[in-house]
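Chemist: Following this line is protein03.txt, made up of compact mmCIF, C-alpha atoms and all ligand atoms:
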```txt
# COMPACT_ATOMS: atom_id res chain seq x y z
CA MET A 1 41.12 -20.43 12.56
CA LYS A 2 40.77 -17.31 10.42
CA LYS A 3 42.33 -17.09 6.99
CA ASP A 4 44.99 -14.69 5.79
CA ILE A 5 44.48 -11.88 3.25
CA ILE A 6 45.44 -13.53 -0.02
CA ASP A 7 43.70 -11.72 -2.89
CA ARG A 8 41.57 -8.78 -4.04
CA ASN A 9 38.37 -10.42 -2.74
CA ASP A 10 39.84 -10.34 0.74
CA ILE A 11 40.87 -6.71 0.31
CA VAL A 12 37.31 -5.87 -0.83
CA LEU A 13 35.87 -7.51 2.31
CA LEU A 14 38.36 -5.70 4.54
CA VAL A 15 37.81 -2.28 2.95
CA ASP A 16 34.00 -2.59 2.88
CA SER A 17 33.89 -3.68 6.53
CA PHE A 18 36.32 -0.94 7.56
CA TYR A 19 34.30 1.87 5.95
CA GLN A 20 31.03 0.53 7.37
CA LYS A 21 32.53 0.95 10.83
CA VAL A 22 34.09 4.30 9.92
CA GLN A 23 30.73 5.68 8.81
CA GLN A 24 29.17 4.71 12.14
CA ASN A 25 31.99 6.20 14.22
CA GLU A 26 31.05 9.41 16.02
CA ARG A 27 34.47 11.05 15.75
CA ILE A 28 35.54 10.37 12.17
CA GLY A 29 32.30 9.20 10.49
CA PRO A 30 31.03 12.76 9.91
CA ILE A 31 34.31 13.73 8.17
CA PHE A 32 33.43 11.20 5.48
CA THR A 33 29.64 11.52 5.39
CA GLN A 34 29.14 15.25 6.07
CA VAL A 35 32.35 17.28 5.64
CA MET A 36 33.65 15.52 2.49
CA GLN A 37 30.35 13.90 1.45
CA VAL A 38 32.26 10.95 0.08
CA ASP A 39 30.94 9.30 -3.07
CA TRP A 40 31.34 5.67 -1.91
CA ALA A 41 30.90 4.14 -5.37
CA HIS A 42 34.00 6.10 -6.38
CA HIS A 43 35.97 5.93 -3.10
CA LEU A 44 35.72 2.20 -2.34
CA PRO A 45 37.21 0.86 -5.62
CA LYS A 46 40.01 3.43 -5.24
CA MET A 47 40.72 2.00 -1.79
CA TYR A 48 40.69 -1.59 -3.10
CA ASP A 49 43.36 -0.49 -5.61
CA PHE A 50 45.32 1.35 -2.92
CA TRP A 51 45.52 -1.60 -0.53
CA GLU A 52 46.16 -4.12 -3.30
CA SER A 53 49.09 -1.95 -4.42
CA ILE A 54 50.43 -1.63 -0.88
CA LEU A 55 50.04 -5.28 0.13
CA PHE A 56 50.73 -7.13 -3.11
CA GLY A 57 53.05 -4.59 -4.78
CA LYS A 58 50.76 -4.14 -7.80
CA ALA A 59 51.00 -0.63 -9.21
CA ILE A 60 47.27 -0.22 -9.84
CA TYR A 61 46.50 2.70 -7.51
CA LYS A 62 47.03 6.07 -9.14
CA GLY A 63 46.64 8.96 -6.80
CA ASN A 64 48.21 11.21 -4.22
CA PRO A 65 46.79 10.50 -0.76
CA MET A 66 48.89 13.25 0.84
CA LEU A 67 47.34 15.97 -1.32
CA THR A 68 43.86 14.57 -0.67
CA HIS A 69 44.41 14.64 3.09
CA PHE A 70 45.91 18.15 3.06
CA ASP A 71 42.63 19.19 1.48
CA ILE A 72 40.56 17.25 4.06
CA ASN A 73 42.69 18.71 6.88
CA LYS A 74 41.72 22.25 5.83
CA LYS A 75 38.05 21.39 6.34
CA ALA A 76 38.29 19.03 9.34
CA SER A 77 41.46 19.11 11.41
CA LEU A 78 43.05 15.63 11.52
CA LYS A 79 44.85 15.27 14.85
CA ASN A 80 45.82 12.53 17.32
CA GLU A 81 42.26 11.57 18.20
CA GLU A 82 41.23 11.19 14.56
CA PHE A 83 44.31 9.15 13.62
CA ASP A 84 44.04 6.94 16.73
CA THR A 85 40.39 6.28 15.91
CA TRP A 86 41.21 5.50 12.26
CA LYS A 87 44.00 3.10 13.27
CA ASN A 88 41.91 1.36 15.96
CA ILE A 89 39.07 0.72 13.54
CA PHE A 90 41.49 -0.52 10.88
CA PHE A 91 43.34 -2.88 13.24
CA ASN A 92 40.09 -4.20 14.77
CA THR A 93 38.61 -4.86 11.33
CA VAL A 94 41.71 -6.77 10.19
CA ASP A 95 41.76 -8.82 13.42
CA GLU A 96 38.05 -9.63 13.26
CA LEU A 97 38.33 -11.03 9.73
CA PHE A 98 41.87 -12.31 9.17
CA GLU A 99 45.03 -13.66 10.69
CA GLY A 100 48.43 -14.48 9.25
CA GLU A 101 51.48 -12.87 7.72
CA ASN A 102 49.65 -10.51 5.34
CA ALA A 103 47.20 -9.51 8.06
CA THR A 104 50.19 -8.48 10.18
CA VAL A 105 51.89 -6.70 7.28
CA ILE A 106 48.81 -4.67 6.32
CA LYS A 107 48.47 -3.43 9.91
CA GLN A 108 52.16 -2.44 9.97
CA LYS A 109 51.80 -0.61 6.64
CA ALA A 110 48.64 1.16 7.83
CA GLN A 111 50.40 2.19 11.02
CA SER A 112 53.44 3.63 9.24
CA ILE A 113 51.44 5.43 6.53
CA ALA A 114 49.05 6.87 9.14
CA ASP A 115 51.92 8.05 11.32
CA LEU A 116 53.75 9.64 8.39
CA MET A 117 50.54 11.28 7.17
CA HIS A 118 49.80 12.59 10.67
CA PHE A 119 53.34 13.96 10.97
CA LYS A 120 53.24 15.67 7.57
CA LEU A 121 49.83 17.22 8.15
CA ASN A 122 50.89 18.66 11.48
CA SER A 123 54.49 19.61 10.77
CA PRO A 124 55.28 23.33 10.31
CA LYS A 125 56.13 22.79 6.62
CA SER A 126 52.56 21.74 5.94
CA LYS A 127 51.44 25.28 6.80
CA ILE A 128 53.04 26.42 3.56
CA ASN A 129 51.91 23.32 1.73
CA ILE A 130 55.23 21.68 0.94
CA VAL A 131 54.46 17.96 0.74
C1 LIG A 201 42.01 10.57 10.52
C2 LIG A 201 42.29 9.77 9.53
C3 LIG A 201 41.70 9.84 8.14
C4 LIG A 201 40.58 10.46 7.67
C5 LIG A 201 39.55 11.25 8.46
C6 LIG A 201 40.51 10.20 6.24
C7 LIG A 201 39.52 10.67 5.40
C8 LIG A 201 39.48 10.46 4.04
C9 LIG A 201 38.44 10.95 3.17
C10 LIG A 201 37.22 11.74 3.63
C11 LIG A 201 38.77 10.58 1.92
C12 LIG A 201 37.94 10.82 0.63
C13 LIG A 201 38.23 12.15 0.02
C14 LIG A 201 37.30 12.42 -1.14
O1 LIG A 201 36.72 11.50 -1.71
O2 LIG A 201 37.17 13.59 -1.49
C15 LIG A 201 40.00 9.85 1.98
C16 LIG A 201 40.66 9.33 0.89
C17 LIG A 201 41.74 8.49 0.98
N1 LIG A 201 42.36 8.07 2.14
FE1 LIG A 201 42.00 8.77 4.00
N2 LIG A 201 41.59 9.45 5.88
C18 LIG A 201 42.34 9.19 7.00
C19 LIG A 201 43.48 8.43 7.08
C20 LIG A 201 43.99 7.69 6.04
C21 LIG A 201 45.12 6.79 6.15
C22 LIG A 201 45.90 6.53 7.45
C23 LIG A 201 45.32 6.26 4.92
C24 LIG A 201 46.35 5.25 4.46
C25 LIG A 201 46.86 4.34 5.26
C26 LIG A 201 44.32 6.84 4.03
C27 LIG A 201 44.21 6.57 2.67
C28 LIG A 201 43.38 7.22 1.81
C29 LIG A 201 43.45 7.10 0.37
C30 LIG A 201 44.43 6.25 -0.43
C31 LIG A 201 42.42 7.91 -0.15
C32 LIG A 201 42.12 8.15 -1.63
C33 LIG A 201 42.94 9.34 -2.11
C34 LIG A 201 42.73 9.63 -3.57
O3 LIG A 201 43.38 9.00 -4.42
O4 LIG A 201 41.90 10.50 -3.85
N3 LIG A 201 43.54 7.70 4.75
N4 LIG A 201 40.42 9.80 3.29
```
As structure tokens, what does this structure read like?
Modeler:
Amino acid sequence: MKKDIIDRNDIVLLVDSFYQKVQQNERIGPIFTQVMQVDWAHHLPKMYDFWESILFGKAIYKGNPMLTHFDINKKASLKNEEFDTWKNIFFNTVDELFEGENATVIKQKAQSIADLMHFKLNSPKSKINIV
């Protein structure tokens, strides 16, 4: 039986595994590696903080993901296919490594944040940059 996500070490394993798969993905990998040329040493710790804040309610992540993704969306359009790919990789990574209540919750949170982000990026208001 797999274990549940219980601490930052688990989040680190999840995030590292997720972005390894993301980088290899044909549809969204290039957005990270070529379009945005992500500095992984900077991005990964930020994502550990983000998910620790979301899952364990610790206010350690400081940032504005919506603004970041508005910027990305100007350079590489983020539509259904990109969000479906992102969500599939995220869910598969969680399921490969973990099971339990927190594993379920993190997938639900990812789903709702992704759907809200997708909606905001593609709603008419976003054309005039009102977040
Ligand atoms: C198609 C889907 C997505 C793509 C292609 C994408 C791409 C990216 C890229 C390239 C960055 C790094 C930007 C940089 O370093 O300049 C980034 C940052 C980030 N992403 Fe995403 N993302 C997607 C969906 C999501 C979703 C669904 C979430 C949350 C559930 C998320 C959370 C974040 C966060 C928290 C950051 C860091 C923002 C900051 O504080 O700078 N992303 N994303």
Chemist: Ranking A:Leu67, A:Ala114, A:Val35, A:Ile6 by minimum distance to ligand LIG 201 (chain A) and counting all atoms listed in the file, which one comes first?
Modeler: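 Closest residue, counting all atoms listed in the file: A:Ala114.
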Chemist: I'd like to know which of A:Arg8, A:Lys21, A:Lys58, A:His69 is closest to ligand LIG 201 (chain A), using all atoms listed in the file.
Modeler: A:His69
Chemist: Counting all atoms listed in the file, which protein, DNA or RNA residues come within 6 Å of ligand LIG 201 (chain A), given as an MDAnalysis selection string?
Modeler: chainID A and resid 28 31:32 36 38 43 47 50 63:65 68 78 82:83 86 110 113:114
Chemist: So what do you get for CA of Gln108 in chain A versus CA of Ile54 in chain A, distance-wise?
Modeler: 11.0 Å
Chemist: Excluding Ser53 in chain A and any residue of its chain fewer than 5 positions from it, enumerate the residues within 12 Å of it, using only C-alpha atoms, and give them as a list in words.
Modeler: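 What passes the distance filter is Asp7, Arg8, Ile11, Lys46, Met47, Tyr48, Lys58, Ala59, Ile60, Tyr61, Lys62, Gly63, Ile106 and Lys109 of chain A.
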